[in-house]
>>> print(open('target.json').read())   # JSON, C-alpha atoms
[["chain", "number", "residue", "atom", "x", "y", "z"],
["B", 1, "MET", "CA", 49.81, 7.57, 83.08],
["B", 2, "ASP", "CA", 51.77, 10.78, 82.63],
["B", 3, "LYS", "CA", 49.00, 13.23, 81.76],
["B", 4, "LYS", "CA", 45.65, 14.26, 83.19],
["B", 5, "THR", "CA", 42.66, 16.14, 81.87],
["B", 6, "LEU", "CA", 39.57, 17.29, 83.73],
["B", 7, "SER", "CA", 36.18, 16.00, 82.76],
["B", 8, "ARG", "CA", 33.16, 18.31, 82.81],
["B", 9, "ASP", "CA", 32.30, 17.41, 86.42],
["B", 10, "GLY", "CA", 35.88, 18.07, 87.58],
["B", 11, "THR", "CA", 36.98, 14.43, 87.70],
["B", 12, "PRO", "CA", 40.67, 14.02, 86.73],
["B", 13, "ILE", "CA", 41.15, 11.49, 83.93],
["B", 14, "ALA", "CA", 44.65, 10.04, 83.59],
["B", 15, "TYR", "CA", 45.95, 9.22, 80.12],
["B", 16, "GLU", "CA", 49.05, 8.58, 78.04],
["B", 17, "ARG", "CA", 49.70, 9.86, 74.54],
["B", 18, "THR", "CA", 52.01, 8.24, 71.99],
["B", 19, "GLY", "CA", 52.74, 8.52, 68.27],
["B", 20, "GLN", "CA", 51.92, 11.12, 65.66],
["B", 21, "GLY", "CA", 49.09, 11.54, 63.19],
["B", 22, "PRO", "CA", 45.28, 11.54, 63.41],
["B", 23, "ALA", "CA", 44.02, 10.96, 66.94],
["B", 24, "VAL", "CA", 42.74, 7.59, 68.17],
["B", 25, "VAL", "CA", 41.38, 6.98, 71.69],
["B", 26, "LEU", "CA", 41.38, 3.40, 72.99],
["B", 27, "VAL", "CA", 38.69, 2.41, 75.52],
["B", 28, "SER", "CA", 39.13, -0.59, 77.81],
["B", 29, "GLY", "CA", 36.45, -2.93, 79.08],
["B", 30, "ALA", "CA", 35.45, -4.22, 82.51],
["B", 31, "MET", "CA", 38.00, -5.01, 85.22],
["B", 32, "SER", "CA", 40.70, -3.19, 83.26],
["B", 33, "THR", "CA", 42.67, 0.04, 83.07],
["B", 34, "GLY", "CA", 44.36, 1.88, 80.26],
["B", 35, "GLY", "CA", 47.29, -0.48, 80.65],
["B", 36, "THR", "CA", 45.11, -3.29, 79.34],
["B", 37, "VAL", "CA", 44.81, -1.72, 75.89],
["B", 38, "ALA", "CA", 48.27, -0.12, 75.89],
["B", 39, "PRO", "CA", 49.75, -3.01, 73.84],
["B", 40, "LEU", "CA", 47.33, -2.12, 71.04],
["B", 41, "ALA", "CA", 48.62, 1.47, 71.09],
["B", 42, "VAL", "CA", 52.15, 0.34, 70.18],
["B", 43, "PRO", "CA", 51.52, -0.74, 66.55],
["B", 44, "LEU", "CA", 48.92, 2.00, 66.01],
["B", 45, "SER", "CA", 51.33, 4.73, 67.14],
["B", 46, "ASP", "CA", 53.33, 4.28, 63.94],
["B", 47, "HIS", "CA", 50.56, 6.10, 62.08],
["B", 48, "PHE", "CA", 48.35, 7.74, 64.71],
["B", 49, "THR", "CA", 48.43, 9.81, 67.88],
["B", 50, "VAL", "CA", 47.04, 7.24, 70.31],
["B", 51, "LEU", "CA", 45.54, 8.03, 73.71],
["B", 52, "VAL", "CA", 45.00, 5.31, 76.32],
["B", 53, "TYR", "CA", 43.35, 6.25, 79.58],
["B", 54, "ASP", "CA", 42.12, 4.96, 82.90],
["B", 55, "ARG", "CA", 38.34, 5.11, 82.93],
["B", 56, "ARG", "CA", 36.88, 6.85, 85.98],
["B", 57, "GLY", "CA", 37.08, 4.84, 89.17],
["B", 58, "ARG", "CA", 40.17, 2.95, 87.98],
["B", 59, "GLY", "CA", 43.93, 3.30, 88.04],
["B", 60, "GLU", "CA", 45.09, 6.90, 88.35],
["B", 61, "SER", "CA", 41.80, 8.53, 87.34],
["B", 62, "GLY", "CA", 39.42, 9.99, 89.89],
["B", 63, "ASP", "CA", 35.78, 9.29, 90.51],
["B", 64, "THR", "CA", 32.84, 11.50, 91.36],
["B", 65, "ALA", "CA", 29.46, 10.36, 92.67],
["B", 66, "PRO", "CA", 26.83, 9.83, 91.51],
["B", 67, "TYR", "CA", 27.87, 7.79, 88.50],
["B", 68, "ALA", "CA", 26.11, 8.16, 85.16],
["B", 69, "VAL", "CA", 26.99, 6.88, 81.70],
["B", 70, "ALA", "CA", 26.81, 10.48, 80.51],
["B", 71, "ARG", "CA", 29.78, 11.28, 82.78],
["B", 72, "GLU", "CA", 31.89, 8.68, 80.97],
["B", 73, "VAL", "CA", 30.85, 10.20, 77.65],
["B", 74, "GLU", "CA", 32.02, 13.55, 79.01],
["B", 75, "ASP", "CA", 35.33, 11.92, 79.96],
["B", 76, "LEU", "CA", 35.76, 10.93, 76.32],
["B", 77, "ALA", "CA", 34.82, 14.45, 75.25],
["B", 78, "ALA", "CA", 37.63, 15.82, 77.43],
["B", 79, "LEU", "CA", 40.10, 13.34, 75.97],
["B", 80, "ILE", "CA", 39.07, 14.14, 72.42],
["B", 81, "ASP", "CA", 39.53, 17.82, 73.20],
["B", 82, "ALA", "CA", 43.01, 17.05, 74.58],
["B", 83, "ALA", "CA", 43.77, 15.14, 71.39],
["B", 84, "GLY", "CA", 42.98, 18.13, 69.21],
["B", 85, "GLY", "CA", 39.19, 18.26, 68.95],
["B", 86, "GLU", "CA", 38.44, 15.20, 66.82],
["B", 87, "ALA", "CA", 39.32, 11.51, 67.14],
["B", 88, "CYS", "CA", 38.56, 7.98, 66.11],
["B", 89, "LEU", "CA", 37.50, 5.68, 68.92],
["B", 90, "CYS", "CA", 38.11, 1.99, 69.52],
["B", 91, "GLY", "CA", 36.44, 0.12, 72.36],
["B", 92, "VAL", "CA", 37.31, -3.39, 73.46],
["B", 93, "SER", "CA", 34.65, -5.64, 75.04],
["B", 94, "SER", "CA", 32.25, -3.53, 77.15],
["B", 95, "GLY", "CA", 34.36, -0.48, 76.30],
["B", 96, "GLY", "CA", 32.76, -0.82, 72.88],
["B", 97, "ALA", "CA", 29.35, 0.00, 74.34],
["B", 98, "LEU", "CA", 30.79, 3.27, 75.66],
["B", 99, "VAL", "CA", 32.30, 4.04, 72.26],
["B", 100, "LEU", "CA", 28.97, 3.45, 70.53],
["B", 101, "GLU", "CA", 27.17, 5.65, 73.05],
["B", 102, "ALA", "CA", 29.77, 8.40, 72.57],
["B", 103, "ALA", "CA", 29.28, 8.25, 68.81],
["B", 104, "ALA", "CA", 25.48, 8.35, 69.21],
["B", 105, "SER", "CA", 25.82, 11.31, 71.59],
["B", 106, "GLY", "CA", 27.27, 13.48, 68.86],
["B", 107, "LEU", "CA", 30.85, 13.82, 70.09],
["B", 108, "PRO", "CA", 33.38, 14.83, 67.41],
["B", 109, "VAL", "CA", 34.11, 11.21, 66.53],
["B", 110, "ARG", "CA", 35.40, 10.57, 63.02],
["B", 111, "ARG", "CA", 35.06, 6.79, 63.07],
["B", 112, "ALA", "CA", 34.16, 4.22, 65.73],
["B", 113, "ALA", "CA", 35.43, 0.66, 66.03],
["B", 114, "VAL", "CA", 34.46, -2.01, 68.55],
["B", 115, "TYR", "CA", 35.85, -5.45, 69.29],
["B", 116, "GLU", "CA", 33.38, -8.02, 70.61],
["B", 117, "THR", "CA", 31.10, -5.90, 72.74],
["B", 118, "PRO", "CA", 29.37, -8.74, 74.64],
["B", 119, "PHE", "CA", 25.77, -8.05, 73.72],
["B", 120, "ALA", "CA", 23.83, -11.19, 74.61],
["B", 121, "ASP", "CA", 21.06, -11.15, 72.00],
["B", 122, "PHE", "CA", 22.19, -14.51, 70.60],
["B", 123, "LEU", "CA", 23.05, -16.17, 73.92],
["B", 124, "ASP", "CA", 20.42, -18.52, 75.31],
["B", 125, "ASP", "CA", 18.61, -16.70, 78.14],
["B", 126, "GLY", "CA", 21.05, -13.79, 77.66],
["B", 127, "ALA", "CA", 18.63, -11.09, 78.79],
["B", 128, "GLU", "CA", 17.58, -13.09, 81.86],
["B", 129, "ARG", "CA", 21.20, -13.82, 82.79],
["B", 130, "ASN", "CA", 22.10, -10.14, 82.55],
["B", 131, "ALA", "CA", 19.10, -9.14, 84.68],
["B", 132, "GLU", "CA", 20.10, -11.65, 87.35],
["B", 133, "TYR", "CA", 23.71, -10.46, 87.23],
["B", 134, "THR", "CA", 22.59, -6.85, 87.67],
["B", 135, "GLU", "CA", 20.48, -7.74, 90.70],
["B", 136, "HIS", "CA", 23.23, -9.70, 92.46],
["B", 137, "LEU", "CA", 26.00, -7.24, 91.49],
["B", 138, "THR", "CA", 24.03, -4.31, 92.89],
["B", 139, "ALA", "CA", 23.48, -6.14, 96.18],
["B", 140, "ALA", "CA", 27.10, -7.24, 96.51],
["B", 141, "LEU", "CA", 28.49, -3.75, 95.94],
["B", 142, "ALA", "CA", 25.89, -2.14, 98.23],
["B", 143, "GLU", "CA", 26.96, -4.52, 101.00],
["B", 144, "GLY", "CA", 30.68, -3.97, 100.38],
["B", 145, "ARG", "CA", 31.26, -7.53, 99.17],
["B", 146, "ARG", "CA", 33.78, -6.64, 96.48],
["B", 147, "GLY", "CA", 35.15, -10.16, 96.19],
["B", 148, "ASP", "CA", 31.68, -11.51, 95.54],
["B", 149, "ALA", "CA", 31.13, -8.81, 92.91],
["B", 150, "VAL", "CA", 34.30, -9.87, 91.09],
["B", 151, "GLU", "CA", 33.23, -13.51, 91.32],
["B", 152, "LEU", "CA", 29.84, -12.67, 89.80],
["B", 153, "PHE", "CA", 31.56, -11.01, 86.86],
["B", 154, "LEU", "CA", 33.98, -13.86, 86.33],
["B", 155, "ARG", "CA", 31.10, -16.32, 86.39],
["B", 156, "LEU", "CA", 29.24, -14.18, 83.84],
["B", 157, "THR", "CA", 32.24, -14.44, 81.51],
["B", 158, "GLY", "CA", 32.07, -18.22, 81.72],
["B", 159, "MET", "CA", 34.91, -18.90, 84.15],
["B", 160, "GLY", "CA", 34.50, -22.14, 86.07],
["B", 161, "GLN", "CA", 34.22, -22.32, 89.84],
["B", 162, "ASP", "CA", 37.60, -24.03, 90.27],
["B", 163, "MET", "CA", 39.34, -21.26, 88.33],
["B", 164, "ILE", "CA", 37.49, -18.60, 90.32],
["B", 165, "ARG", "CA", 38.55, -20.28, 93.55],
["B", 166, "GLY", "CA", 42.14, -20.22, 92.35],
["B", 167, "ALA", "CA", 41.86, -16.58, 91.33],
["B", 168, "ARG", "CA", 40.65, -15.63, 94.81],
["B", 169, "HIS", "CA", 43.95, -16.92, 96.21],
["B", 170, "SER", "CA", 46.15, -15.36, 93.52],
["B", 171, "PRO", "CA", 48.28, -12.20, 93.85],
["B", 172, "MET", "CA", 46.02, -10.44, 91.32],
["B", 173, "TRP", "CA", 42.88, -10.69, 93.48],
["B", 174, "PRO", "CA", 43.40, -7.53, 95.59],
["B", 175, "GLY", "CA", 43.79, -5.49, 92.42],
["B", 176, "MET", "CA", 40.62, -6.97, 91.01],
["B", 177, "GLU", "CA", 38.73, -6.14, 94.19],
["B", 178, "SER", "CA", 40.05, -2.55, 94.05],
["B", 179, "VAL", "CA", 38.25, -1.90, 90.75],
["B", 180, "ALA", "CA", 35.14, -3.95, 91.62],
["B", 181, "PRO", "CA", 32.91, -0.87, 92.04],
["B", 182, "SER", "CA", 33.54, -0.03, 88.38],
["B", 183, "LEU", "CA", 31.74, -3.25, 87.41],
["B", 184, "ALA", "CA", 28.54, -1.32, 88.05],
["B", 185, "TYR", "CA", 29.73, 1.30, 85.58],
["B", 186, "ASP", "CA", 30.31, -1.22, 82.81],
["B", 187, "ASN", "CA", 26.98, -2.82, 83.59],
["B", 188, "ALA", "CA", 25.30, 0.57, 83.20],
["B", 189, "VAL", "CA", 27.13, 1.20, 79.93],
["B", 190, "MET", "CA", 25.91, -2.15, 78.61],
["B", 191, "ALA", "CA", 22.33, -1.00, 79.36],
["B", 192, "GLY", "CA", 20.74, -4.41, 79.83],
["B", 193, "GLY", "CA", 23.21, -6.25, 77.64],
["B", 194, "LEU", "CA", 21.33, -6.22, 74.32],
["B", 195, "VAL", "CA", 22.28, -4.49, 71.07],
["B", 196, "PRO", "CA", 20.96, -0.89, 71.35],
["B", 197, "ARG", "CA", 19.51, -0.89, 67.84],
["B", 198, "ASP", "CA", 17.48, 2.32, 68.22],
["B", 199, "ARG", "CA", 20.50, 4.17, 69.59],
["B", 200, "LEU", "CA", 22.78, 2.82, 66.87],
["B", 201, "ALA", "CA", 20.35, 3.99, 64.21],
["B", 202, "SER", "CA", 21.28, 7.57, 65.13],
["B", 203, "VAL", "CA", 25.04, 7.07, 64.68],
["B", 204, "THR", "CA", 26.08, 9.08, 61.62],
["B", 205, "VAL", "CA", 29.76, 8.05, 61.44],
["B", 206, "PRO", "CA", 31.20, 4.80, 60.05],
["B", 207, "VAL", "CA", 31.23, 1.93, 62.55],
["B", 208, "LEU", "CA", 33.47, -1.13, 62.32],
["B", 209, "ALA", "CA", 32.47, -4.14, 64.42],
["B", 210, "VAL", "CA", 35.17, -6.83, 64.71],
["B", 211, "ALA", "CA", 34.93, -10.34, 66.16],
["B", 212, "GLY", "CA", 37.31, -13.25, 66.58],
["B", 213, "GLY", "CA", 36.74, -16.31, 64.45],
["B", 214, "ALA", "CA", 37.50, -18.59, 67.41],
["B", 215, "SER", "CA", 35.07, -16.80, 69.74],
["B", 216, "PRO", "CA", 31.66, -18.25, 70.63],
["B", 217, "GLU", "CA", 28.99, -17.87, 67.97],
["B", 218, "TRP", "CA", 26.82, -15.64, 70.18],
["B", 219, "LEU", "CA", 29.65, -13.09, 70.45],
["B", 220, "ARG", "CA", 30.22, -13.11, 66.70],
["B", 221, "GLU", "CA", 26.52, -12.76, 65.93],
["B", 222, "GLY", "CA", 26.13, -9.95, 68.47],
["B", 223, "THR", "CA", 29.04, -8.15, 66.86],
["B", 224, "ARG", "CA", 27.50, -8.61, 63.42],
["B", 225, "ALA", "CA", 24.24, -7.16, 64.76],
["B", 226, "VAL", "CA", 26.06, -4.00, 65.83],
["B", 227, "ALA", "CA", 27.29, -3.49, 62.27],
["B", 228, "GLU", "CA", 23.86, -4.20, 60.81],
["B", 229, "ALA", "CA", 22.14, -1.75, 63.17],
["B", 230, "SER", "CA", 24.57, 1.06, 62.30],
["B", 231, "PRO", "CA", 23.68, 3.06, 59.16],
["B", 232, "SER", "CA", 27.32, 2.98, 58.02],
["B", 233, "GLY", "CA", 28.38, -0.24, 59.72],
["B", 234, "SER", "CA", 30.75, -2.97, 58.57],
["B", 235, "TYR", "CA", 31.67, -6.34, 60.07],
["B", 236, "ARG", "CA", 35.02, -8.13, 60.12],
["B", 237, "VAL", "CA", 36.14, -11.46, 61.51],
["B", 238, "LEU", "CA", 39.73, -12.09, 62.59],
["B", 239, "GLU", "CA", 40.35, -15.77, 62.00],
["B", 240, "GLY", "CA", 41.80, -17.66, 64.93],
["B", 241, "GLN", "CA", 41.24, -14.83, 67.41],
["B", 242, "THR", "CA", 39.28, -15.03, 70.66],
["B", 243, "HIS", "CA", 37.93, -12.41, 73.06],
["B", 244, "MET", "CA", 41.55, -11.92, 74.21],
["B", 245, "VAL", "CA", 42.55, -10.56, 70.82],
["B", 246, "ASP", "CA", 46.18, -10.29, 69.73],
["B", 247, "PRO", "CA", 46.97, -6.56, 69.27],
["B", 248, "GLN", "CA", 49.13, -7.42, 66.27],
["B", 249, "ALA", "CA", 46.10, -9.00, 64.59],
["B", 250, "LEU", "CA", 43.67, -6.20, 65.39],
["B", 251, "ALA", "CA", 45.91, -3.18, 64.75],
["B", 252, "PRO", "CA", 46.19, -3.51, 60.94],
["B", 253, "VAL", "CA", 42.41, -3.75, 60.60],
["B", 254, "LEU", "CA", 41.95, -0.65, 62.76],
["B", 255, "ALA", "CA", 44.69, 1.26, 60.91],
["B", 256, "GLU", "CA", 43.01, 0.58, 57.57],
["B", 257, "PHE", "CA", 39.63, 1.68, 58.92],
["B", 258, "PHE", "CA", 40.95, 4.81, 60.66],
["B", 259, "THR", "CA", 43.17, 6.03, 57.82],
["B", 260, "PRO", "CA", 41.63, 9.20, 56.33]]
>>> encode(input="target.json", output="structure tokens")
Amino acid sequence: MDKKTLSRDGTPIAYERTGQGPAVVLVSGAMSTGGTVAPLAVPLSDHFTVLVYDRRGRGESGDTAPYAVAREVEDLAALIDAAGGEACLCGVSSGGALVLEAAASGLPVRRAAVYETPFADFLDDGAERNAEYTEHLTAALAEGRRGDAVELFLRLTGMGQDMIRGARHSPMWPGMESVAPSLAYDNAVMAGGLVPRDRLASVTVPVLAVAGGASPEWLREGTRAVAEASPSGSYRVLEGQTHMVDPQALAPVLAEFFTP
């Protein structure tokens, strides 16, 4: 990240800016930094000024206690200001929940797009699973058990125990543990893990909710519910795509939606 801006509480937020045109800010999900969504910035930068950033507590950005979702909304406000005062937003996975909250908060957002925000309304026992995850995640982080916190998250995503065991012995594990505290931030942004229908009802800008055709049905239905709960919402399915979406498949859909 070659640039930094200061959020309202003084936290430095690191970002990169590429391309020319209307501003677009990309928001990553859990266990990720701005580098995770940087590949999506490449095709979009042909038509837009694209900002990717490290969310607070990750990468080159700072962190200031105590955490609150409102602080992350203020981070986006600072980035939008750095981009020229108005921007479209795109959030991937749990980053989509932050994008939706930013749009509901009245930031100068022109349009908001999300890709498979993992709301669990259509997952069997989804609410109960999220409540259990929250309880165990809070305990693990309070006791400094970062590895256990990462394992809880991986299990929540559906990763099997053998794969988790392998991940613990992989070169990537220390990096995953380093951002483990931010799992609590994403969990707070997800606000219980169900579609925030009342909050979405107050969003006045167009919302595009996109899902992968090869993703589980509960993810697709949760994504559809986001569009249906937004006054100006629309729903798209990218055939053959999963939660790990190909940037080359998603970028044209976003470009069409974001073009003035």
>>> residues_around(input="target.json", residues="Met176 of chain B", least_positions_apart="6", cutoff="12 Å", atoms="only C-alpha atoms", output="MDAnalysis selection string")
chainID B and resid 30:33 58:59 146:151 153:154 167:170 182:183
>>> write_last_selection(input="target.json", atoms="C-alpha atoms", output="JSON list (two decimals), keeping the file's coordinate frame")
[["chain", "number", "residue", "atom", "x", "y", "z"],
["B", 30, "ALA", "CA", 35.45, -4.22, 82.51],
["B", 31, "MET", "CA", 38.00, -5.01, 85.22],
["B", 32, "SER", "CA", 40.70, -3.19, 83.26],
["B", 33, "THR", "CA", 42.67, 0.04, 83.07],
["B", 58, "ARG", "CA", 40.17, 2.95, 87.98],
["B", 59, "GLY", "CA", 43.93, 3.30, 88.04],
["B", 146, "ARG", "CA", 33.78, -6.64, 96.48],
["B", 147, "GLY", "CA", 35.15, -10.16, 96.19],
["B", 148, "ASP", "CA", 31.68, -11.51, 95.54],
["B", 149, "ALA", "CA", 31.13, -8.81, 92.91],
["B", 150, "VAL", "CA", 34.30, -9.87, 91.09],
["B", 151, "GLU", "CA", 33.23, -13.51, 91.32],
["B", 153, "PHE", "CA", 31.56, -11.01, 86.86],
["B", 154, "LEU", "CA", 33.98, -13.86, 86.33],
["B", 167, "ALA", "CA", 41.86, -16.58, 91.33],
["B", 168, "ARG", "CA", 40.65, -15.63, 94.81],
["B", 169, "HIS", "CA", 43.95, -16.92, 96.21],
["B", 170, "SER", "CA", 46.15, -15.36, 93.52],
["B", 182, "SER", "CA", 33.54, -0.03, 88.38],
["B", 183, "LEU", "CA", 31.74, -3.25, 87.41]]
>>> atom_distance(input="target.json", atom1="atom CA of Asn130 of chain B", atom2="atom CA of Leu76 of chain B")
25.9 Å
>>> closest_atom_pairs(input="target.json", of="segment 136-188 of chain B", to="segment 112-128 of chain B", cutoff="12 Å", atoms="all atoms listed in the file", output="tab-separated table")
residue	atom	partner	partner_atom	distance
B:Leu156	CA	B:Gly126	CA	10.3
B:Thr157	CA	B:Pro118	CA	9.4
B:Asp186	CA	B:Thr117	CA	11.1
B:Asn187	CA	B:Pro118	CA	11.0
>>> closest_atom_pairs(input="target.json", of="segment 72-94 of chain B", to="segment 7-29 of chain B", cutoff="6 Å", atoms="all atoms listed in the file", output="JSON lines")
{"residue": "B:Asp75", "atom": "CA", "partner": "B:Ser7", "partner_atom": "CA", "distance": 5.0}
{"residue": "B:Ala78", "atom": "CA", "partner": "B:Ser7", "partner_atom": "CA", "distance": 5.5}
{"residue": "B:Ala87", "atom": "CA", "partner": "B:Ala23", "partner_atom": "CA", "distance": 4.7}
{"residue": "B:Cys88", "atom": "CA", "partner": "B:Val24", "partner_atom": "CA", "distance": 4.7}
{"residue": "B:Leu89", "atom": "CA", "partner": "B:Val25", "partner_atom": "CA", "distance": 4.9}
{"residue": "B:Cys90", "atom": "CA", "partner": "B:Leu26", "partner_atom": "CA", "distance": 5.0}
{"residue": "B:Gly91", "atom": "CA", "partner": "B:Val27", "partner_atom": "CA", "distance": 4.5}
{"residue": "B:Val92", "atom": "CA", "partner": "B:Ser28", "partner_atom": "CA", "distance": 5.5}
{"residue": "B:Ser93", "atom": "CA", "partner": "B:Gly29", "partner_atom": "CA", "distance": 5.2}
{"residue": "B:Ser94", "atom": "CA", "partner": "B:Gly29", "partner_atom": "CA", "distance": 4.7}
>>> atom_distance(input="target.json", atom1="atom CA of Gly106 of chain B", atom2="atom CA of Gly233 of chain B")
16.5 Å
>>> axis_aligned_box(input="target.json", around="segment 95-103 of chain B", padding_each_side="4 Å", output="lines of an AutoDock Vina configuration file")
center_x = 30.8
center_y = 3.8
center_z = 72.6
size_x = 15.2
size_y = 17.2
size_z = 15.5
>>> residues_near_point(input="target.json", point="(51.6, -3.0, 70.2)", cutoff="12 Å", atoms="all atoms listed in the file", output="mmCIF file with C-alpha atoms, keeping the file's coordinate frame")
data_model
loop_
_atom_site.group_PDB
_atom_site.id
_atom_site.type_symbol
_atom_site.label_atom_id
_atom_site.label_comp_id
_atom_site.auth_asym_id
_atom_site.auth_seq_id
_atom_site.Cartn_x
_atom_site.Cartn_y
_atom_site.Cartn_z
ATOM 1 C CA THR B 18 52.010 8.240 71.990
ATOM 2 C CA GLY B 19 52.740 8.520 68.270
ATOM 3 C CA GLY B 35 47.290 -0.480 80.650
ATOM 4 C CA THR B 36 45.110 -3.290 79.340
ATOM 5 C CA VAL B 37 44.810 -1.720 75.890
ATOM 6 C CA ALA B 38 48.270 -0.120 75.890
ATOM 7 C CA PRO B 39 49.750 -3.010 73.840
ATOM 8 C CA LEU B 40 47.330 -2.120 71.040
ATOM 9 C CA ALA B 41 48.620 1.470 71.090
ATOM 10 C CA VAL B 42 52.150 0.340 70.180
ATOM 11 C CA PRO B 43 51.520 -0.740 66.550
ATOM 12 C CA LEU B 44 48.920 2.000 66.010
ATOM 13 C CA SER B 45 51.330 4.730 67.140
ATOM 14 C CA ASP B 46 53.330 4.280 63.940
ATOM 15 C CA VAL B 50 47.040 7.240 70.310
ATOM 16 C CA VAL B 245 42.550 -10.560 70.820
ATOM 17 C CA ASP B 246 46.180 -10.290 69.730
ATOM 18 C CA PRO B 247 46.970 -6.560 69.270
ATOM 19 C CA GLN B 248 49.130 -7.420 66.270
ATOM 20 C CA ALA B 249 46.100 -9.000 64.590
ATOM 21 C CA LEU B 250 43.670 -6.200 65.390
ATOM 22 C CA ALA B 251 45.910 -3.180 64.750
ATOM 23 C CA PRO B 252 46.190 -3.510 60.940
#
>>> atom_distance(input="target.json", atom1="atom CA of Gln241 of chain B", atom2="atom CA of Ala255 of chain B")
17.7 Å
>>> closest_residue(input="target.json", among="B:Val226, B:Leu254, B:Ala180, B:Leu100", to="Val203 of chain B", atoms="only C-alpha atoms")
B:Leu100
>>> closest_residue(input="target.json", among="B:Phe257, B:Tyr185, B:Phe48, B:Trp218", to="Ala65 of chain B", atoms="all atoms listed in the file")
B:Tyr185
>>> closest_residue(input="target.json", among="B:Leu219, B:Leu141, B:Val69, B:Val205", to="Ser178 of chain B", atoms="only C-alpha atoms")
B:Leu141
>>> closest_residue(input="target.json", among="B:Met163, B:Thr259, B:Glu217, B:Pro181", to="Ala142 of chain B", atoms="all atoms listed in the file")
B:Pro181
>>> closest_residue(input="target.json", among="B:Ala211, B:Val179, B:Ala83, B:Ala229", to="Thr242 of chain B", atoms="all atoms listed in the file")
B:Ala211
>>> build_atoms(input="target.json", residues="segment 121-132 of chain B", atoms="N, CA and C atoms", output="mmCIF file, in the coordinates of the input")
data_model
loop_
_atom_site.group_PDB
_atom_site.id
_atom_site.type_symbol
_atom_site.label_atom_id
_atom_site.label_comp_id
_atom_site.auth_asym_id
_atom_site.auth_seq_id
_atom_site.Cartn_x
_atom_site.Cartn_y
_atom_site.Cartn_z
ATOM 1 N N ASP B 121 22.267 -10.868 72.772
ATOM 2 C CA ASP B 121 21.060 -11.150 72.000
ATOM 3 C C ASP B 121 20.999 -12.590 71.516
ATOM 4 N N PHE B 122 22.157 -13.169 71.200
ATOM 5 C CA PHE B 122 22.190 -14.510 70.600
ATOM 6 C C PHE B 122 22.694 -15.568 71.583
ATOM 7 N N LEU B 123 22.702 -15.219 72.857
ATOM 8 C CA LEU B 123 23.050 -16.170 73.920
ATOM 9 C C LEU B 123 21.757 -16.666 74.555
ATOM 10 N N ASP B 124 21.626 -17.973 74.696
ATOM 11 C CA ASP B 124 20.420 -18.520 75.310
ATOM 12 C C ASP B 124 20.191 -17.883 76.673
ATOM 13 N N ASP B 125 18.992 -17.350 76.884
ATOM 14 C CA ASP B 125 18.610 -16.700 78.140
ATOM 15 C C ASP B 125 19.539 -15.524 78.481
ATOM 16 N N GLY B 126 20.101 -14.874 77.441
ATOM 17 C CA GLY B 126 21.050 -13.790 77.660
ATOM 18 C C GLY B 126 20.454 -12.640 78.456
ATOM 19 N N ALA B 127 19.256 -12.210 78.099
ATOM 20 C CA ALA B 127 18.630 -11.090 78.790
ATOM 21 C C ALA B 127 18.352 -11.440 80.250
ATOM 22 N N GLU B 128 17.873 -12.672 80.490
ATOM 23 C CA GLU B 128 17.580 -13.090 81.860
ATOM 24 C C GLU B 128 18.865 -13.187 82.684
ATOM 25 N N ARG B 129 19.926 -13.710 82.086
ATOM 26 C CA ARG B 129 21.200 -13.820 82.790
ATOM 27 C C ARG B 129 21.734 -12.438 83.177
ATOM 28 N N ASN B 130 21.619 -11.486 82.261
ATOM 29 C CA ASN B 130 22.100 -10.140 82.550
ATOM 30 C C ASN B 130 21.268 -9.477 83.643
ATOM 31 N N ALA B 131 19.963 -9.720 83.642
ATOM 32 C CA ALA B 131 19.100 -9.140 84.680
ATOM 33 C C ALA B 131 19.460 -9.713 86.045
ATOM 34 N N GLU B 132 19.715 -11.015 86.099
ATOM 35 C CA GLU B 132 20.100 -11.650 87.350
ATOM 36 C C GLU B 132 21.451 -11.137 87.835
#
